[in-house]
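Here the structure comes first, spelled out in structure tokens, and everything after it is commentary.
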Amino acid sequence: MAEDAKPTRSEELRLKEQIELAENGHDILEKKRDGLIHEFMQVIDDAKNVNEELANLFSEARTKLHKAKVYDGEASVRSNAVAVQDEPTIRSEKQNIMGVVVPEIESTEIQKEILDREYGIAGSTSRIDATAEKHEELLEKIIEAAETQTKILNLLEEIEKTKRRVNALEHKTIPEMKDSLDYVSQTLEENAREETFRMKKIKSMSSQD
């Protein structure tokens, strides 16, 4: 409340300094918010492309799997799939976007040459090989999509947090401090006028004596 402020010169000076700091902080947060929104829109565009590619790869992988099952038999497909034991290596690094920590996921040993696949070429067919290759591509794209979606969530959370801080400064903190400053300044002016009037009255009474 403005009335809680002490009507002193030191309080007036303190409020002026606080208002200046708050307004500078507000400007910095606004720039951060705008920058985050810009980054967010870029990631959204990336996510749109990744999701489209993911949908296409999923459709292609499903089609190839269906063909392999039809022509080579489901048992053959299953036996080759069971032979694969190695798991892909996934490493997550931290990336900083305007103070927001987002993941940067790297994967290795997902896409392999035919001879490097564990099921071997003797018991497979070109259709099974094509199915394995397409599912390897699909897995890499899933990892890329996961990275992009996590970036979106982290950036969105920071944007909302920054917006709340901007709004709090703009609509609550700064107006309240300005109200307090107005109260202190007006009270000091009134006190100064009263003191001037009192001194004039004292001087007038003294001159009459």
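Going through the structure tokens in order, the chains are called A, B, and so on, while each chain numbers its residues from 1 and the ligands are numbered from 1 in the order shown.
Near Thr162 of chain A, within a cut-off of 12 Å and counting only C-alpha atoms, sit the residues Gly25, His26, Asp27, Ile28, Leu29, Glu30, Lys31, Lys32, Arg33, Asp34, Gly35, Leu36, Ile37, Met98, Gly99, Val100, Leu155, Leu156, Glu157, Glu158, Ile159, Glu160, Arg164, Arg165, Val166, Asn167, Ala168 and Leu169 of chain A, with same-chain residues fewer than 2 positions away left out.
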With the cut-off set at 12 Å and counting only C-alpha atoms, tabulate each residue of segment 99-201 of chain A with an atom at most that distance from an atom of segment 49-65 of chain A, showing the nearest atom pair and its distance in Å to one decimal, ordered by chain and increasing number, as CSV.
```
residue,atom,partner,partner_atom,distance
A:Ser126,CA,A:Lys64,CA,10.5
A:Arg127,CA,A:Lys64,CA,7.0
A:Ile128,CA,A:Leu65,CA,7.6
A:Asp129,CA,A:Lys64,CA,9.6
A:Ala130,CA,A:Lys64,CA,7.0
A:Thr131,CA,A:Lys64,CA,5.2
A:Ala132,CA,A:Ala61,CA,8.4
A:Glu133,CA,A:Ala61,CA,8.7
A:Lys134,CA,A:Ala61,CA,5.3
A:His135,CA,A:Ala61,CA,5.7
A:Glu136,CA,A:Ala61,CA,9.2
A:Glu137,CA,A:Leu57,CA,7.4
A:Leu138,CA,A:Leu57,CA,5.7
A:Leu139,CA,A:Leu54,CA,9.2
A:Glu140,CA,A:Leu54,CA,9.4
A:Lys141,CA,A:Leu54,CA,5.9
A:Ile142,CA,A:Leu54,CA,6.8
A:Ile143,CA,A:Leu54,CA,10.1
A:Glu144,CA,A:Val50,CA,7.4
A:Ala145,CA,A:Val50,CA,6.1
A:Ala146,CA,A:Val50,CA,9.8
A:Glu147,CA,A:Val50,CA,10.3
A:Thr148,CA,A:Val50,CA,8.2
A:Gln149,CA,A:Asn51,CA,9.8
```
Would you put the residues from that selection into a file with N, CA, C and O atoms, as an mmCIF file, in the first residue's frame?
```
data_model
loop_
_atom_site.group_PDB
_atom_site.id
_atom_site.type_symbol
_atom_site.label_atom_id
_atom_site.label_comp_id
_atom_site.auth_asym_id
_atom_site.auth_seq_id
_atom_site.Cartn_x
_atom_site.Cartn_y
_atom_site.Cartn_z
ATOM 1 N N SER A 126 15.851 -59.470 -49.621
ATOM 2 C CA SER A 126 15.954 -58.036 -49.914
ATOM 3 C C SER A 126 14.812 -57.265 -49.267
ATOM 4 O O SER A 126 14.981 -56.113 -48.867
ATOM 5 N N ARG A 127 13.640 -57.915 -49.149
ATOM 6 C CA ARG A 127 12.498 -57.245 -48.518
ATOM 7 C C ARG A 127 12.722 -57.067 -47.020
ATOM 8 O O ARG A 127 12.385 -56.024 -46.455
ATOM 9 N N ILE A 128 13.300 -58.083 -46.367
ATOM 10 C CA ILE A 128 13.594 -57.966 -44.938
ATOM 11 C C ILE A 128 14.682 -56.917 -44.714
ATOM 12 O O ILE A 128 14.605 -56.114 -43.778
ATOM 13 N N ASP A 129 15.670 -56.907 -45.587
ATOM 14 C CA ASP A 129 16.726 -55.882 -45.480
ATOM 15 C C ASP A 129 16.146 -54.478 -45.637
ATOM 16 O O ASP A 129 16.504 -53.552 -44.895
ATOM 17 N N ALA A 130 15.253 -54.317 -46.611
ATOM 18 C CA ALA A 130 14.635 -53.002 -46.843
ATOM 19 C C ALA A 130 13.768 -52.596 -45.654
ATOM 20 O O ALA A 130 13.717 -51.420 -45.272
ATOM 21 N N THR A 131 13.094 -53.595 -45.051
ATOM 22 C CA THR A 131 12.266 -53.324 -43.866
ATOM 23 C C THR A 131 13.139 -52.870 -42.697
ATOM 24 O O THR A 131 12.816 -51.902 -42.001
ATOM 25 N N ALA A 132 14.253 -53.566 -42.486
ATOM 26 C CA ALA A 132 15.176 -53.199 -41.398
ATOM 27 C C ALA A 132 15.737 -51.798 -41.619
ATOM 28 O O ALA A 132 15.802 -50.981 -40.683
ATOM 29 N N GLU A 133 16.129 -51.503 -42.845
ATOM 30 C CA GLU A 133 16.697 -50.193 -43.161
ATOM 31 C C GLU A 133 15.689 -49.076 -42.905
ATOM 32 O O GLU A 133 16.028 -48.040 -42.322
ATOM 33 N N LYS A 134 14.442 -49.308 -43.320
ATOM 34 C CA LYS A 134 13.422 -48.268 -43.157
ATOM 35 C C LYS A 134 13.080 -48.071 -41.680
ATOM 36 O O LYS A 134 12.833 -46.939 -41.243
ATOM 37 N N HIS A 135 13.078 -49.145 -40.901
ATOM 38 C CA HIS A 135 12.799 -49.002 -39.472
ATOM 39 C C HIS A 135 13.970 -48.333 -38.734
ATOM 40 O O HIS A 135 13.756 -47.650 -37.723
ATOM 41 N N GLU A 136 15.175 -48.512 -39.234
ATOM 42 C CA GLU A 136 16.312 -47.792 -38.663
ATOM 43 C C GLU A 136 16.171 -46.292 -38.911
ATOM 44 O O GLU A 136 16.408 -45.476 -38.015
ATOM 45 N N GLU A 137 15.767 -45.942 -40.118
ATOM 46 C CA GLU A 137 15.511 -44.535 -40.439
ATOM 47 C C GLU A 137 14.400 -43.986 -39.554
ATOM 48 O O GLU A 137 14.469 -42.847 -39.059
ATOM 49 N N LEU A 138 13.357 -44.809 -39.363
ATOM 50 C CA LEU A 138 12.214 -44.390 -38.544
ATOM 51 C C LEU A 138 12.651 -44.124 -37.102
ATOM 52 O O LEU A 138 12.249 -43.123 -36.499
ATOM 53 N N LEU A 139 13.485 -45.007 -36.556
ATOM 54 C CA LEU A 139 13.949 -44.833 -35.180
ATOM 55 C C LEU A 139 14.761 -43.547 -35.029
ATOM 56 O O LEU A 139 14.602 -42.811 -34.039
ATOM 57 N N GLU A 140 15.613 -43.253 -35.987
ATOM 58 C CA GLU A 140 16.387 -42.009 -35.929
ATOM 59 C C GLU A 140 15.465 -40.792 -35.962
ATOM 60 O O GLU A 140 15.697 -39.801 -35.270
ATOM 61 N N LYS A 141 14.429 -40.878 -36.777
ATOM 62 C CA LYS A 141 13.495 -39.751 -36.880
ATOM 63 C C LYS A 141 12.676 -39.605 -35.599
ATOM 64 O O LYS A 141 12.336 -38.482 -35.189
ATOM 65 N N ILE A 142 12.355 -40.723 -34.948
ATOM 66 C CA ILE A 142 11.632 -40.667 -33.669
ATOM 67 C C ILE A 142 12.480 -39.942 -32.623
ATOM 68 O O ILE A 142 11.977 -39.115 -31.852
ATOM 69 N N ILE A 143 13.775 -40.240 -32.600
ATOM 70 C CA ILE A 143 14.691 -39.577 -31.656
ATOM 71 C C ILE A 143 14.755 -38.082 -31.952
ATOM 72 O O ILE A 143 14.737 -37.245 -31.037
ATOM 73 N N GLU A 144 14.819 -37.743 -33.224
ATOM 74 C CA GLU A 144 14.846 -36.324 -33.613
ATOM 75 C C GLU A 144 13.557 -35.622 -33.208
ATOM 76 O O GLU A 144 13.572 -34.484 -32.722
ATOM 77 N N ALA A 145 12.434 -36.314 -33.378
ATOM 78 C CA ALA A 145 11.141 -35.739 -33.003
ATOM 79 C C ALA A 145 11.056 -35.538 -31.488
ATOM 80 O O ALA A 145 10.524 -34.526 -31.009
ATOM 81 N N ALA A 146 11.594 -36.500 -30.730
ATOM 82 C CA ALA A 146 11.586 -36.382 -29.270
ATOM 83 C C ALA A 146 12.400 -35.168 -28.822
ATOM 84 O O ALA A 146 11.998 -34.429 -27.910
ATOM 85 N N GLU A 147 13.543 -34.955 -29.461
ATOM 86 C CA GLU A 147 14.375 -33.792 -29.137
ATOM 87 C C GLU A 147 13.625 -32.497 -29.415
ATOM 88 O O GLU A 147 13.609 -31.573 -28.593
ATOM 89 N N THR A 148 12.987 -32.437 -30.571
ATOM 90 C CA THR A 148 12.266 -31.221 -30.966
ATOM 91 C C THR A 148 11.087 -30.942 -30.045
ATOM 92 O O THR A 148 10.859 -29.794 -29.635
ATOM 93 N N GLN A 149 10.339 -31.985 -29.700
ATOM 94 C CA GLN A 149 9.186 -31.804 -28.817
ATOM 95 C C GLN A 149 9.616 -31.345 -27.427
ATOM 96 O O GLN A 149 8.950 -30.508 -26.806
#
```
(request) Have a look at A:Ser185, A:Val77, A:Glu106, A:Asp46 and name the one nearest to Lys94 of chain A; count only C-alpha atoms. (result)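 Checking each candidate against Lys94 of chain A, we get A:Glu106 as the closest.
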(request) Grab the atom CA of Glu189 of chain A to atom CA of Glu23 of chain A distance for me, in Å with one decimal place. (result)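 Straight-line distance from atom CA of Glu189 of chain A to atom CA of Glu23 of chain A works out to 25.2 Å.
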(message) Could you check the closest approach to Arg9 of chain A for each of A:Lys67, A:Asp179, A:Val84, A:Thr187 and tell me which residue wins, using only C-alpha atoms?
(response)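 Closest to Arg9 of chain A of all the choices is A:Thr187.
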(message) So, with only C-alpha atoms as the atoms that count, which of A:Thr196, A:Lys69, A:Ile174, A:Leu181 lies closest to Leu21 of chain A?
(response)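 So, comparing all the options, the nearest one is A:Ile174.
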(message) What's the separation between atom CA of Gln111 of chain A and atom CA of Pro88 of chain A, in Å to one decimal place?
(response) 9.1 Å
(message) Which of segment 25-189 of chain A end up as alpha helix (DSSP H) when DSSP is run on this backbone - answer as JSON, numbers by chain?
(response) {"A": [25, 26, 27, 28, 29, 30, 31, 32, 33, 34, 35, 36, 37, 38, 39, 40, 41, 42, 43, 44, 45, 46, 47, 48, 49, 50, 51, 52, 53, 54, 55, 56, 57, 58, 59, 60, 61, 62, 63, 64, 65, 66, 67, 68, 69, 70, 71, 72, 74, 75, 76, 77, 78, 79, 80, 81, 82, 83, 126, 127, 128, 129, 130, 131, 132, 133, 134, 135, 136, 137, 138, 139, 140, 141, 142, 143, 144, 145, 146, 147, 148, 149, 150, 151, 152, 153, 154, 155, 156, 157, 158, 159, 160, 161, 162, 163, 164, 165, 166, 167, 168, 174, 175, 176, 177, 178, 179, 180, 181, 182, 183, 184, 185, 186, 187, 188, 189]}
(message) Rounded to one decimal, what separation in Å do you get between atom CA of Ile152 of chain A and atom CA of Ile105 of chain A?
(response) 14.2 Å
(message) Using DSSP secondary structure from the backbone, list all strand (DSSP E or B) positions within segment 30-202 of chain A, as a ChimeraX atom specification.
(response) /A:89-97,100-108
Based on the selection just made, write N, CA, C and O atoms of those residues as a compact mmCIF listing (two decimals), in the first residue's frame.
```txt
# COMPACT_ATOMS: atom_id res chain seq x y z
N THR A 89 22.99 -46.59 -29.33
CA THR A 89 23.55 -45.70 -28.32
C THR A 89 22.94 -44.31 -28.48
O THR A 89 22.98 -43.72 -29.56
N ILE A 90 22.35 -43.82 -27.40
CA ILE A 90 21.72 -42.49 -27.44
C ILE A 90 22.39 -41.62 -26.37
O ILE A 90 22.45 -42.00 -25.20
N ARG A 91 22.89 -40.47 -26.78
CA ARG A 91 23.57 -39.56 -25.86
C ARG A 91 22.87 -38.20 -25.90
O ARG A 91 22.57 -37.67 -26.96
N SER A 92 22.59 -37.68 -24.73
CA SER A 92 21.91 -36.39 -24.63
C SER A 92 22.86 -35.32 -24.11
O SER A 92 23.43 -35.47 -23.02
N GLU A 93 23.04 -34.28 -24.88
CA GLU A 93 23.85 -33.13 -24.46
C GLU A 93 22.90 -31.98 -24.10
O GLU A 93 21.73 -31.98 -24.47
N LYS A 94 23.43 -31.00 -23.38
CA LYS A 94 22.64 -29.83 -23.01
C LYS A 94 22.97 -28.66 -23.94
O LYS A 94 24.13 -28.37 -24.17
N GLN A 95 21.92 -28.03 -24.43
CA GLN A 95 22.09 -26.85 -25.28
C GLN A 95 21.39 -25.68 -24.60
O GLN A 95 20.30 -25.84 -24.01
N ASN A 96 22.01 -24.51 -24.66
CA ASN A 96 21.43 -23.34 -24.00
C ASN A 96 20.86 -22.38 -25.04
O ASN A 96 21.58 -21.88 -25.91
N ILE A 97 19.55 -22.14 -24.96
CA ILE A 97 18.89 -21.17 -25.85
C ILE A 97 18.35 -20.04 -24.99
O ILE A 97 17.34 -20.19 -24.31
N VAL A 100 17.65 -21.02 -21.57
CA VAL A 100 16.79 -22.19 -21.43
C VAL A 100 17.60 -23.43 -21.82
O VAL A 100 18.14 -23.50 -22.93
N VAL A 101 17.69 -24.38 -20.91
CA VAL A 101 18.43 -25.60 -21.18
C VAL A 101 17.52 -26.58 -21.93
O VAL A 101 16.46 -26.95 -21.45
N VAL A 102 17.95 -26.96 -23.12
CA VAL A 102 17.18 -27.91 -23.94
C VAL A 102 18.10 -29.06 -24.35
O VAL A 102 19.31 -28.91 -24.40
N PRO A 103 17.52 -30.23 -24.61
CA PRO A 103 18.36 -31.38 -24.96
C PRO A 103 18.82 -31.36 -26.41
O PRO A 103 18.14 -30.82 -27.29
N GLU A 104 19.97 -31.90 -26.64
CA GLU A 104 20.47 -32.14 -27.99
C GLU A 104 20.85 -33.62 -28.04
O GLU A 104 21.87 -34.03 -27.50
N ILE A 105 19.98 -34.41 -28.63
CA ILE A 105 20.12 -35.86 -28.59
C ILE A 105 20.86 -36.37 -29.82
O ILE A 105 20.51 -36.03 -30.95
N GLU A 106 21.87 -37.17 -29.57
CA GLU A 106 22.63 -37.78 -30.65
C GLU A 106 22.52 -39.30 -30.53
O GLU A 106 22.58 -39.85 -29.43
N SER A 107 22.35 -39.94 -31.67
CA SER A 107 22.23 -41.40 -31.66
C SER A 107 23.29 -41.99 -32.60
O SER A 107 23.64 -41.41 -33.62
N THR A 108 23.80 -43.14 -32.21
CA THR A 108 24.78 -43.84 -33.05
C THR A 108 24.39 -45.31 -33.14
O THR A 108 23.64 -45.83 -32.31
```
(message) From the options A:Ala75, A:Val184, A:Val82, A:Met41, which residue's atoms come nearest to Leu13 of chain A, counting only C-alpha atoms?
(response)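 The closest residue to Leu13 of chain A is A:Val184.
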